[in-house]
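Shown next: upload_9.txt, given as compact mmCIF, C-alpha atoms.
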```
# COMPACT_ATOMS: atom_id res chain seq x y z
CA MET A 951 13.29 6.68 -22.35
CA LYS A 952 11.50 7.34 -19.08
CA VAL A 953 13.69 8.65 -16.26
CA ILE A 954 12.52 8.80 -12.65
CA GLU A 955 14.27 11.07 -10.14
CA LEU A 956 14.33 9.68 -6.60
CA LYS A 957 15.39 11.81 -3.64
CA ALA A 958 18.45 11.00 -1.56
CA SER A 959 18.71 11.51 2.17
CA VAL A 960 20.69 14.54 3.33
CA THR A 961 24.27 13.93 4.42
CA ALA A 962 25.74 15.88 7.32
CA SER A 963 28.30 18.45 6.42
CA ASN A 964 31.80 17.96 7.74
CA ASP A 965 33.48 20.81 5.89
CA ARG A 966 34.67 22.58 9.02
CA ASP A 967 36.36 19.45 10.39
CA ALA A 968 38.02 18.97 7.02
CA ASP A 969 39.40 22.53 6.97
CA ARG A 970 40.74 22.10 10.51
CA LEU A 971 42.47 18.86 9.57
CA ARG A 972 44.07 20.56 6.54
CA GLU A 973 45.44 23.30 8.85
CA LEU A 974 46.95 20.67 11.14
CA LEU A 975 48.50 18.83 8.17
CA LYS A 976 49.99 22.10 6.86
CA GLU A 977 51.52 22.78 10.28
CA LYS A 978 53.00 19.27 10.44
CA GLY A 979 54.15 19.31 6.80
CA VAL A 980 52.13 16.19 5.94
CA PHE A 981 50.78 16.13 2.37
CA LEU A 982 47.61 14.00 2.57
CA VAL A 983 46.23 12.47 -0.62
CA ASN A 984 42.76 10.91 -0.62
CA ILE A 985 42.62 7.97 -3.05
CA MET A 986 39.17 6.99 -4.28
CA SER A 987 38.04 4.30 -6.74
CA SER A 988 35.83 1.28 -7.36
CA PRO A 989 36.68 -1.95 -5.56
CA GLY A 990 39.46 -3.75 -7.40
CA SER A 991 40.84 -0.80 -9.39
CA GLY A 992 44.32 -1.53 -8.05
CA LYS A 993 44.72 1.15 -5.36
CA THR A 994 46.95 -0.93 -3.10
CA THR A 995 49.08 -2.23 -5.97
CA LEU A 996 49.58 1.34 -7.20
CA LEU A 997 50.49 2.61 -3.73
CA SER A 998 52.92 -0.29 -3.26
CA LYS A 999 54.71 0.71 -6.45
CA VAL A 1000 54.86 4.39 -5.40
CA ILE A 1001 56.27 3.40 -1.99
CA ARG A 1002 58.92 1.17 -3.53
CA ASP A 1003 59.97 3.90 -5.98
CA LEU A 1004 59.91 6.89 -3.62
CA HIS A 1005 60.78 5.48 -0.18
CA ASP A 1006 64.35 6.82 -0.30
CA ARG A 1007 63.15 10.33 -1.06
CA LEU A 1008 59.95 10.69 0.97
CA LYS A 1009 58.64 9.30 4.24
CA ILE A 1010 55.35 7.72 3.17
CA ALA A 1011 52.45 6.49 5.30
CA VAL A 1012 49.16 4.86 4.35
CA LEU A 1013 45.79 4.90 6.12
CA GLU A 1014 43.77 1.96 4.79
CA ALA A 1015 40.00 2.22 5.08
CA ASP A 1016 37.90 -0.90 4.59
CA ILE A 1017 34.66 -2.41 5.79
CA GLU A 1018 36.58 -5.45 6.99
CA SER A 1019 39.95 -7.25 6.74
CA ALA A 1020 43.45 -5.87 7.06
CA VAL A 1021 44.94 -7.36 3.90
CA ASP A 1022 45.76 -3.98 2.35
CA ALA A 1023 47.50 -2.54 5.40
CA GLU A 1024 49.48 -5.76 5.78
CA ARG A 1025 50.69 -5.47 2.17
CA ILE A 1026 51.80 -1.87 2.76
CA GLU A 1027 53.47 -2.64 6.07
CA ALA A 1028 55.44 -5.46 4.43
CA LEU A 1029 57.10 -2.77 2.29
CA GLY A 1030 58.40 -1.06 5.42
CA ALA A 1031 56.03 1.90 5.22
CA LYS A 1032 53.96 3.21 8.10
CA ALA A 1033 50.43 1.81 7.75
CA ILE A 1034 47.22 1.66 9.72
CA GLN A 1035 43.95 -0.13 8.95
CA VAL A 1036 40.66 1.60 9.72
CA HIS A 1037 37.41 -0.36 9.74
CA THR A 1038 34.38 1.71 8.91
CA ASP A 1039 31.83 -0.76 10.36
CA GLY A 1040 29.82 -0.95 7.17
CA MET A 1041 30.09 2.77 6.39
CA CYS A 1042 30.61 3.42 2.68
CA HIS A 1043 33.03 6.36 2.97
CA MET A 1044 35.54 8.17 5.19
CA ASP A 1045 34.77 11.62 6.60
CA ALA A 1046 37.16 14.20 8.08
CA GLY A 1047 36.62 13.08 11.67
CA MET A 1048 37.36 9.45 10.86
CA THR A 1049 40.42 10.46 8.84
CA ARG A 1050 41.78 12.62 11.66
CA ARG A 1051 41.28 9.84 14.19
CA GLY A 1052 43.07 7.37 11.96
CA LEU A 1053 46.00 9.74 11.33
CA GLU A 1054 46.33 10.56 15.03
CA GLU A 1055 46.39 6.86 15.92
CA MET A 1056 49.06 6.32 13.27
CA GLY A 1057 51.07 9.37 14.29
CA LEU A 1058 51.99 12.26 11.99
CA GLU A 1059 55.66 12.42 12.95
CA ASP A 1060 58.15 11.47 10.25
CA VAL A 1061 55.60 11.61 7.44
CA ASP A 1062 55.99 13.68 4.27
CA LEU A 1063 53.33 12.04 2.12
CA ALA A 1064 50.29 10.26 3.55
CA PHE A 1065 47.76 8.37 1.47
CA LEU A 1066 44.23 7.73 2.61
CA GLU A 1067 43.03 4.67 0.70
CA ASN A 1068 39.31 5.37 0.91
CA VAL A 1069 36.59 2.67 0.85
CA GLY A 1070 36.22 1.12 -2.64
CA ASN A 1071 33.17 3.01 -3.89
CA LEU A 1072 32.56 5.64 -6.62
CA ILE A 1073 29.59 7.28 -4.90
CA CYS A 1074 29.70 8.02 -1.18
CA PRO A 1075 33.38 9.03 -0.83
CA ALA A 1076 32.84 11.84 -3.38
CA GLU A 1077 30.32 13.46 -1.03
CA PHE A 1078 32.63 13.89 1.96
CA ASP A 1079 35.66 16.18 2.28
CA THR A 1080 38.21 14.11 4.19
CA GLY A 1081 40.56 17.00 4.87
CA ALA A 1082 43.05 15.79 2.28
CA VAL A 1083 45.14 18.30 0.33
CA LYS A 1084 44.47 16.50 -2.96
CA ASP A 1085 41.75 14.11 -4.13
CA VAL A 1086 42.93 11.45 -6.55
CA MET A 1087 40.60 9.02 -8.24
CA ILE A 1088 41.65 5.82 -9.95
CA LEU A 1089 39.73 4.37 -12.87
CA SER A 1090 40.97 1.00 -14.08
CA VAL A 1091 40.75 0.11 -17.76
CA PRO A 1092 38.51 -2.99 -17.22
CA GLU A 1093 35.81 -0.77 -15.64
CA GLY A 1094 35.13 0.97 -18.95
CA ASP A 1095 35.29 4.46 -20.46
CA ASP A 1096 31.62 5.22 -19.65
CA LYS A 1097 32.16 5.68 -15.91
CA PRO A 1098 32.33 9.53 -16.07
CA LEU A 1099 28.75 9.46 -17.40
CA LYS A 1100 27.50 7.40 -14.47
CA TYR A 1101 29.52 8.79 -11.56
CA PRO A 1102 29.94 12.47 -12.51
CA LEU A 1103 30.35 13.79 -8.95
CA MET A 1104 33.46 11.69 -8.35
CA PHE A 1105 35.07 12.82 -11.61
CA SER A 1106 34.09 16.45 -10.94
CA LYS A 1107 35.62 16.54 -7.46
CA ALA A 1108 38.94 14.82 -8.16
CA ASP A 1109 42.08 16.93 -8.66
CA VAL A 1110 43.79 14.04 -10.40
CA LEU A 1111 42.53 11.06 -12.41
CA VAL A 1112 44.79 8.03 -12.64
CA VAL A 1113 43.73 5.60 -15.36
CA SER A 1114 45.24 2.33 -14.11
CA LYS A 1115 45.93 -1.11 -15.60
CA VAL A 1116 46.74 0.38 -19.03
CA ASP A 1117 48.63 -2.85 -19.77
CA ALA A 1118 45.14 -4.38 -20.15
CA LEU A 1119 44.09 -1.92 -22.91
CA PRO A 1120 44.53 -4.53 -25.70
CA TYR A 1121 42.00 -6.86 -24.04
CA PHE A 1122 39.18 -4.40 -23.31
CA ASP A 1123 37.03 -1.99 -25.31
CA PHE A 1124 38.28 1.19 -23.64
CA ASP A 1125 38.32 4.36 -25.76
CA VAL A 1126 41.06 6.55 -24.23
CA GLU A 1127 40.07 9.69 -26.15
CA ALA A 1128 36.35 9.30 -25.38
CA CYS A 1129 37.17 8.83 -21.71
CA LYS A 1130 39.40 11.94 -21.62
CA LYS A 1131 36.73 14.02 -23.36
CA ARG A 1132 34.01 12.90 -20.91
CA VAL A 1133 36.21 13.65 -17.91
CA LYS A 1134 37.39 17.07 -19.18
CA ARG A 1135 33.78 18.08 -19.88
CA LEU A 1136 32.99 17.52 -16.18
CA ASN A 1137 36.27 18.85 -14.87
CA PRO A 1138 38.45 20.94 -17.23
CA ASP A 1139 41.25 21.42 -14.65
CA ILE A 1140 41.75 17.76 -13.76
CA GLU A 1141 45.22 16.27 -14.34
CA ILE A 1142 45.16 12.83 -15.96
CA PHE A 1143 47.83 10.12 -15.75
CA PHE A 1144 47.79 6.78 -17.58
CA VAL A 1145 49.70 4.12 -15.67
CA SER A 1146 50.36 0.44 -15.15
CA ALA A 1147 51.77 -0.49 -11.75
CA LYS A 1148 52.48 -3.93 -13.27
CA THR A 1149 54.72 -2.82 -16.18
CA GLY A 1150 55.74 0.53 -14.67
CA GLU A 1151 54.37 2.47 -17.67
CA GLY A 1152 53.53 6.08 -16.76
CA MET A 1153 54.62 5.72 -13.12
CA ASP A 1154 57.52 8.20 -13.46
CA ALA A 1155 55.19 11.07 -14.34
CA LEU A 1156 52.80 10.29 -11.49
CA GLU A 1157 55.63 9.96 -8.97
CA ALA A 1158 57.20 13.24 -10.17
CA TYR A 1159 53.80 14.86 -9.58
CA PHE A 1160 53.75 13.66 -5.95
CA LEU A 1161 57.40 14.67 -5.36
CA ASN A 1162 56.82 18.19 -6.70
CA LYS A 1163 53.59 18.69 -4.78
CA VAL A 1164 55.14 17.58 -1.49
CA LYS A 1165 58.17 19.85 -2.03
CA ALA A 1166 55.96 22.87 -2.78
CA PHE A 1167 53.69 22.07 0.20
CA GLN A 1168 56.54 21.81 2.69
CA GLY A 1169 58.07 25.02 1.27
CA MET B 353 48.74 -4.25 12.85
CA LYS B 354 46.50 -1.72 14.59
CA VAL B 355 42.81 -1.85 13.66
CA ILE B 356 40.35 0.90 14.59
CA GLU B 357 36.61 0.22 14.60
CA LEU B 358 34.51 3.24 13.58
CA LYS B 359 30.72 3.24 14.03
CA ALA B 360 28.35 3.50 11.08
CA SER B 361 25.08 5.38 11.14
CA VAL B 362 21.92 3.30 11.46
CA THR B 363 20.02 2.55 8.25
CA ALA B 364 16.23 2.44 8.28
CA SER B 365 14.65 -0.95 7.88
CA ASN B 366 12.53 -1.51 4.81
CA ASP B 367 11.93 -5.21 5.30
CA ARG B 368 8.14 -4.94 5.42
CA ASP B 369 8.00 -3.03 2.11
CA ALA B 370 10.25 -5.67 0.59
CA ASP B 371 8.00 -8.53 1.75
CA ARG B 372 4.94 -6.74 0.35
CA LEU B 373 6.64 -6.24 -3.01
CA ARG B 374 7.56 -9.95 -3.11
CA GLU B 375 3.88 -10.84 -2.52
CA LEU B 376 2.83 -8.60 -5.41
CA LEU B 377 5.48 -10.11 -7.69
CA LYS B 378 4.31 -13.63 -6.78
CA GLU B 379 0.74 -12.68 -7.63
CA LYS B 380 1.79 -11.21 -10.99
CA GLY B 381 4.20 -14.06 -11.77
CA VAL B 382 7.19 -11.73 -12.12
CA PHE B 383 10.52 -13.24 -11.02
CA LEU B 384 12.61 -10.25 -9.88
CA VAL B 385 16.38 -10.62 -9.69
CA ASN B 386 18.47 -7.95 -7.95
CA ILE B 387 21.88 -7.62 -9.64
CA MET B 388 24.64 -6.07 -7.53
CA SER B 389 28.32 -5.43 -8.29
CA SER B 390 31.13 -2.88 -8.43
CA PRO B 391 31.02 -0.24 -11.16
CA GLY B 392 32.31 -1.70 -14.40
CA SER B 393 31.87 -5.40 -13.58
CA GLY B 394 29.90 -5.87 -16.80
CA LYS B 395 26.31 -6.01 -15.47
CA THR B 396 24.72 -4.46 -18.58
CA THR B 397 26.82 -6.54 -20.98
CA LEU B 398 25.82 -9.71 -19.12
CA LEU B 399 22.12 -8.76 -19.11
CA SER B 400 22.29 -7.93 -22.82
CA LYS B 401 23.62 -11.42 -23.52
CA VAL B 402 20.90 -13.05 -21.36
CA ILE B 403 18.19 -11.03 -23.16
CA ARG B 404 19.52 -11.98 -26.61
CA ASP B 405 19.69 -15.67 -25.65
CA LEU B 406 16.36 -15.96 -23.77
CA HIS B 407 14.05 -13.41 -25.42
CA ASP B 408 12.14 -16.07 -27.38
CA ARG B 409 11.44 -18.08 -24.23
CA LEU B 410 10.87 -15.43 -21.55
CA LYS B 411 9.49 -11.89 -21.46
CA ILE B 412 12.35 -9.97 -19.86
CA ALA B 413 12.40 -6.45 -18.41
CA VAL B 414 15.19 -4.41 -16.84
CA LEU B 415 15.05 -1.66 -14.24
CA GLU B 416 18.32 0.29 -14.48
CA ALA B 417 19.39 2.21 -11.36
CA ASP B 418 22.11 4.82 -11.67
CA ILE B 419 23.15 8.11 -10.12
CA GLU B 420 23.00 9.72 -13.56
CA SER B 421 22.84 8.98 -17.29
CA ALA B 422 20.57 6.59 -19.17
CA VAL B 423 23.22 4.77 -21.21
CA ASP B 424 22.44 1.37 -19.68
CA ALA B 425 18.67 1.52 -20.21
CA GLU B 426 19.24 2.70 -23.78
CA ARG B 427 21.46 -0.34 -24.44
CA ILE B 428 18.78 -2.68 -23.07
CA GLU B 429 15.94 -0.97 -24.94
CA ALA B 430 17.89 -1.28 -28.19
CA LEU B 431 17.60 -5.07 -27.76
CA GLY B 432 13.82 -4.79 -27.78
CA ALA B 433 13.39 -5.52 -24.07
CA LYS B 434 11.27 -3.49 -21.70
CA ALA B 435 13.56 -1.09 -19.83
CA ILE B 436 13.30 1.82 -17.45
CA GLN B 437 16.04 4.05 -16.02
CA VAL B 438 15.82 5.14 -12.39
CA HIS B 439 18.01 7.97 -11.06
CA THR B 440 18.76 7.71 -7.39
CA ASP B 441 19.80 11.37 -6.96
CA GLY B 442 23.16 10.52 -5.46
CA MET B 443 21.82 7.66 -3.32
CA CYS B 444 24.17 4.68 -3.25
CA HIS B 445 21.58 1.89 -3.31
CA MET B 446 18.00 0.93 -4.18
CA ASP B 447 15.47 0.13 -1.45
CA ALA B 448 12.14 -1.70 -1.74
CA GLY B 449 10.08 1.48 -2.12
CA MET B 450 12.25 2.78 -4.94
CA THR B 451 12.17 -0.62 -6.64
CA ARG B 452 8.38 -0.84 -6.41
CA ARG B 453 7.96 2.67 -7.82
CA GLY B 454 10.28 1.87 -10.72
CA LEU B 455 8.48 -1.41 -11.49
CA GLU B 456 5.05 0.22 -11.32
CA GLU B 457 6.17 2.98 -13.72
CA MET B 458 7.52 0.33 -16.07
CA GLY B 459 4.44 -1.89 -15.75
CA LEU B 460 4.44 -5.52 -14.61
CA GLU B 461 2.24 -6.87 -17.40
CA ASP B 462 3.89 -9.23 -19.87
CA VAL B 463 6.98 -9.78 -17.73
CA ASP B 464 8.29 -13.19 -16.66
CA LEU B 465 11.78 -12.22 -15.57
CA ALA B 466 12.70 -8.73 -14.34
CA PHE B 467 16.21 -7.62 -13.50
CA LEU B 468 16.98 -4.75 -11.16
CA GLU B 469 20.44 -3.51 -12.11
CA ASN B 470 21.33 -1.93 -8.76
CA VAL B 471 23.75 1.01 -8.34
CA GLY B 472 27.38 -0.03 -8.95
CA ASN B 473 28.56 -0.44 -5.35
CA LEU B 474 29.62 -3.40 -3.17
CA ILE B 475 28.56 -1.84 0.13
CA CYS B 476 25.24 -0.02 0.42
CA PRO B 477 23.08 -2.25 -1.82
CA ALA B 478 23.88 -5.25 0.41
CA GLU B 479 22.19 -3.51 3.33
CA PHE B 480 18.76 -3.07 1.74
CA ASP B 481 16.25 -5.76 0.80
CA THR B 482 14.83 -4.60 -2.53
CA GLY B 483 11.96 -7.09 -2.58
CA ALA B 484 13.67 -9.22 -5.21
CA VAL B 485 13.15 -13.00 -5.22
CA LYS B 486 16.86 -13.64 -5.74
CA ASP B 487 20.00 -11.56 -5.09
CA VAL B 488 22.78 -12.05 -7.61
CA MET B 489 26.19 -10.48 -7.27
CA ILE B 490 28.71 -10.13 -10.07
CA LEU B 491 32.44 -10.13 -9.39
CA SER B 492 34.59 -9.48 -12.46
CA VAL B 493 38.00 -11.13 -12.75
CA PRO B 494 39.96 -7.82 -12.96
CA GLU B 495 38.63 -6.81 -9.51
CA GLY B 496 40.60 -9.57 -7.82
CA ASP B 497 39.97 -12.69 -5.73
CA ASP B 498 40.35 -10.83 -2.41
CA LYS B 499 36.99 -9.04 -2.61
CA PRO B 500 35.14 -11.53 -0.34
CA LEU B 501 37.56 -10.54 2.44
CA LYS B 502 36.77 -6.85 2.07
CA TYR B 503 33.05 -6.85 1.29
CA PRO B 504 31.79 -9.86 3.28
CA LEU B 505 28.20 -8.66 3.71
CA MET B 506 27.61 -8.58 -0.05
CA PHE B 507 28.99 -12.09 -0.52
CA SER B 508 27.02 -13.35 2.49
CA LYS B 509 23.68 -12.02 1.27
CA ALA B 510 23.84 -13.09 -2.36
CA ASP B 511 22.00 -16.24 -3.48
CA VAL B 512 24.16 -16.44 -6.58
CA LEU B 513 27.69 -15.27 -7.42
CA VAL B 514 28.53 -14.72 -11.07
CA VAL B 515 32.27 -14.41 -11.70
CA SER B 516 32.36 -12.43 -14.95
CA LYS B 517 34.97 -11.63 -17.60
CA VAL B 518 36.59 -15.07 -17.22
CA ASP B 519 38.07 -14.55 -20.70
CA ALA B 520 40.45 -12.12 -18.92
CA LEU B 521 41.78 -14.80 -16.51
CA PRO B 522 45.09 -15.18 -18.43
CA TYR B 523 45.91 -11.48 -17.93
CA PHE B 524 45.15 -11.10 -14.23
CA ASP B 525 46.30 -12.73 -10.99
CA PHE B 526 42.96 -14.23 -10.01
CA ASP B 527 43.02 -17.45 -8.03
CA VAL B 528 39.72 -19.20 -8.82
CA GLU B 529 40.04 -21.78 -6.04
CA ALA B 530 41.02 -19.21 -3.40
CA CYS B 531 38.07 -17.06 -4.42
CA LYS B 532 35.62 -19.98 -4.21
CA LYS B 533 36.95 -20.97 -0.80
CA ARG B 534 36.61 -17.42 0.57
CA VAL B 535 33.06 -17.10 -0.75
CA LYS B 536 31.92 -20.53 0.50
CA ARG B 537 33.32 -19.77 3.95
CA LEU B 538 31.00 -16.73 4.14
CA ASN B 539 28.07 -18.36 2.38
CA PRO B 540 28.06 -22.18 2.07
CA ASP B 541 24.75 -22.25 0.12
CA ILE B 542 25.70 -19.76 -2.58
CA GLU B 543 25.59 -20.95 -6.22
CA ILE B 544 28.60 -19.86 -8.27
CA PHE B 545 28.78 -19.44 -12.05
CA PHE B 546 31.88 -18.54 -14.08
CA VAL B 547 30.99 -16.72 -17.28
CA SER B 548 32.18 -14.50 -20.10
CA ALA B 549 29.46 -12.53 -21.85
CA LYS B 550 32.08 -11.77 -24.53
CA THR B 551 32.96 -15.37 -25.52
CA GLY B 552 29.74 -16.96 -24.24
CA GLU B 553 31.64 -19.30 -21.89
CA GLY B 554 29.45 -20.49 -19.02
CA MET B 555 26.36 -18.54 -20.15
CA ASP B 556 24.31 -21.70 -20.87
CA ALA B 557 24.44 -22.81 -17.24
CA LEU B 558 23.49 -19.36 -15.93
CA GLU B 559 20.63 -19.02 -18.40
CA ALA B 560 19.35 -22.52 -17.54
CA TYR B 561 19.35 -21.42 -13.89
CA PHE B 562 17.14 -18.41 -14.69
CA LEU B 563 14.79 -20.48 -16.91
CA ASN B 564 14.30 -23.15 -14.24
CA LYS B 565 13.76 -20.64 -11.45
CA VAL B 566 11.16 -18.69 -13.44
CA LYS B 567 9.33 -21.91 -14.36
CA ALA B 568 9.23 -23.08 -10.73
CA PHE B 569 8.14 -19.61 -9.54
CA GLN B 570 5.26 -19.34 -11.99
CA GLY B 571 4.23 -22.92 -11.12
```
Now, as a test, write the supplied structure out as C-alpha cells.
Amino acid sequence: MKVIELKASVTASNDRDADRLRELLKEKGVFLVNIMSSPGSGKTTLLSKVIRDLHDRLKIAVLEADIESAVDAERIEALGAKAIQVHTDGMCHMDAGMTRRGLEEMGLEDVDLAFLENVGNLICPAEFDTGAVKDVMILSVPEGDDKPLKYPLMFSKADVLVVSKVDALPYFDFDVEACKKRVKRLNPDIEIFFVSAKTGEGMDALEAYFLNKVKAFQG
Amino acid sequence: MKVIELKASVTASNDRDADRLRELLKEKGVFLVNIMSSPGSGKTTLLSKVIRDLHDRLKIAVLEADIESAVDAERIEALGAKAIQVHTDGMCHMDAGMTRRGLEEMGLEDVDLAFLENVGNLICPAEFDTGAVKDVMILSVPEGDDKPLKYPLMFSKADVLVVSKVDALPYFDFDVEACKKRVKRLNPDIEIFFVSAKTGEGMDALEAYFLNKVKAFQG
C-alpha cells in the first residue's frame, strides 16, 4: 500500500489566550467543558438530557458553536438553561479568543457548569485549546469503532470519551472492546462512558462525573 | 436568541489548478467523483458495494484521503480495485494540487471511474474545488435531518446527495421529507438518492447514475 504524506499549513498558537481564559474561569468558579464530535453524534441531545437531570443541582449554560443556524441553542434555551449561539463564519473550530468572546456575551454570573458545543468536526477542534477545563469527545455508535485509527489527535487530546447512542448497538457492527483498546492505546488516562441519552443508559455515571468535577473545582 | 458572527480566515483559491486537473481528466477519459461526508457516514462501505457491483463494467479506482491510517485503502484494495491512500498531515480537506498528486502517483491508465474519498468533514472540503467532475455528499440517517441547516455550504455545492444507512430509518428520528425540503431549498438542482449499502436498497439507481455519467463523459 502506497502512502503519501502531504504537508498541512501551520495553525497559529492560542495557548496563552487559553491559559488566561482558564484563570478567569477558575476565579469565577465556572467549570467549562469543551464538547467535540462529528456532526450528528448527538451532542445537543446529550446536553439536553444532562440539563434536565442536573438543573436543580447545578446552574448550567451552553455556548453553541455552528457555521450557521441557531437550532441547537434554541433547543437548549427551551429547557430553561442559559444558551448562546456563536456563528463561526465557515471556520471549522473554536479557539480560545472566540470562546472567551462568546462566554462574555453570555455572561459568567450564575454559572457552575458551562458547555462549549464545538463545531461538528473530528479534526480542526482537536488542534485548538479553547481554554476549557476538560475536553470531552463524543463518538456515536453508528460512526464505527475504527474512528480512533483515523482521527488519533482527537482521541489523544480528550480527557473523556463518551460513546453515545449505545441503544443502537444491536443494529451496527461496533466492537466495544476493539474500540476501547484502540482508544486506550492512544490515551491510557482517558475516562470512557457508554451512554444513551434516549434510554438513559449510562447517564447516571456521566452526570456524577460532572457533579464531582464541578464540586472539586469550586472547592 | 443572541447570535454572534465571528470572522473566518481567508482560504487560498485553487480554482485554476482544479480546472487544469479537470482538463487532464477529460483528456484521459477518467470521470472523477469527489465524495464528502462526516466521519462514519459509510463512505468506504458504499464504495465497496459500488466496486463489487460495477467492476465488470467499469475500471474503478479510489483515492483515499485521511489524516492517518490506511484501513480504507486496504479495504478497497482487497476488492481488487486500484487504490491509493493519501495522508493529509492533519489537514482537514483535499485541494486540487493534492488530488492531482495522488492521482498521478496512482496512475490514470485503465481507469474509467475514480473516486476521491475526501477527509471525513462537512466543513473544510466544501470550500475547495478538488478538480472532480462531480461532487457527491453522503449524509447517513443516524446523523439527523437537520444537517442541511448547519452545514449549508456542503449541501449547496454538492451535485448529488446520497442519504445512506436507510436500513436504520426505523431506529432514528429522521424525517425524510423535511430533509429533502431543506436540501432542495439550498440546492434546487441536486439529485438525491436514498440507499443502504448493507441491504442493497436504492443501490441500482445510484449505480445507473454513475454508469450513465461515465458513458456520456467518455463520449
Atom-to-atom span, atom CA of Met450 of chain B and atom CA of Leu501 of chain B, Å: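 These atoms are spaced 29.5 Å apart.
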Find the residues around segment 374-382 of chain B up to 6 Å (all atoms listed in the file counted), leave out those fewer than 4 positions away in its own chain, and share them as a PDB file with C-alpha atoms, in the frame of the given file.
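Once everything was written out, this is around-v3.pdb:
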```pdb
ATOM      1  CA  VAL B 463       6.980  -9.780 -17.730  1.00  0.00           C
ATOM      2  CA  ASP B 464       8.290 -13.190 -16.660  1.00  0.00           C
ATOM      3  CA  LEU B 465      11.780 -12.220 -15.570  1.00  0.00           C
ATOM      4  CA  GLY B 483      11.960  -7.090  -2.580  1.00  0.00           C
ATOM      5  CA  GLN B 570       5.260 -19.340 -11.990  1.00  0.00           C
TER       6      GLN B 570
END
```
Could you pull the residues within 9 Å of Ala413 of chain B, counting all atoms listed in the file, minus those fewer than 4 positions along the same chain, as a ChimeraX atom specification? /B:403,428,433-436,458,460,463-468
Keeping only C-alpha atoms, write the selected residues as a short mmCIF file (atom, residue, chain, number, x, y, z; two decimals), in the coordinates of the input.
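The new file selection.cif reads:
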```cif
data_model
loop_
_atom_site.label_atom_id
_atom_site.label_comp_id
_atom_site.auth_asym_id
_atom_site.auth_seq_id
_atom_site.Cartn_x
_atom_site.Cartn_y
_atom_site.Cartn_z
CA ILE B 403 18.19 -11.03 -23.16
CA ILE B 428 18.78 -2.68 -23.07
CA ALA B 433 13.39 -5.52 -24.07
CA LYS B 434 11.27 -3.49 -21.70
CA ALA B 435 13.56 -1.09 -19.83
CA ILE B 436 13.30 1.82 -17.45
CA MET B 458 7.52 0.33 -16.07
CA LEU B 460 4.44 -5.52 -14.61
CA VAL B 463 6.98 -9.78 -17.73
CA ASP B 464 8.29 -13.19 -16.66
CA LEU B 465 11.78 -12.22 -15.57
CA ALA B 466 12.70 -8.73 -14.34
CA PHE B 467 16.21 -7.62 -13.50
CA LEU B 468 16.98 -4.75 -11.16
#
```
If we count only C-alpha atoms, which residues of chain B reach to within 9 Å of chain A? Please list them as a PyMOL selection string. chain B and resi 353-361+390-394+418-423+425-426+429+435-444+450+454+457-458+472-476+479+492+494-496+498-499+501-505+520+523-524
From the list B:Leu521, B:Val515, B:Leu558, B:Phe480, which residue is nearest Lys401 of chain B when using all atoms listed in the file?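 Comparing B:Leu521, B:Val515, B:Leu558, B:Phe480 against Lys401 of chain B, the winner is B:Leu558.
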Which residues, written as an MDAnalysis selection string, have at least one atom at most 12 Å from Lys533 of chain B, with all atoms listed in the file counted and residues fewer than 2 positions away on the same chain left out? chainID B and resid 497:498 500:501 507 527:531 535:540 542 544
Export, as a short mmCIF file (atom, residue, chain, number, x, y, z; two decimals), in the frame of the given file, the selected residues with C-alpha atoms.
```
data_model
loop_
_atom_site.label_atom_id
_atom_site.label_comp_id
_atom_site.auth_asym_id
_atom_site.auth_seq_id
_atom_site.Cartn_x
_atom_site.Cartn_y
_atom_site.Cartn_z
CA ASP B 497 39.97 -12.69 -5.73
CA ASP B 498 40.35 -10.83 -2.41
CA PRO B 500 35.14 -11.53 -0.34
CA LEU B 501 37.56 -10.54 2.44
CA PHE B 507 28.99 -12.09 -0.52
CA ASP B 527 43.02 -17.45 -8.03
CA VAL B 528 39.72 -19.20 -8.82
CA GLU B 529 40.04 -21.78 -6.04
CA ALA B 530 41.02 -19.21 -3.40
CA CYS B 531 38.07 -17.06 -4.42
CA VAL B 535 33.06 -17.10 -0.75
CA LYS B 536 31.92 -20.53 0.50
CA ARG B 537 33.32 -19.77 3.95
CA LEU B 538 31.00 -16.73 4.14
CA ASN B 539 28.07 -18.36 2.38
CA PRO B 540 28.06 -22.18 2.07
CA ILE B 542 25.70 -19.76 -2.58
CA ILE B 544 28.60 -19.86 -8.27
#
```
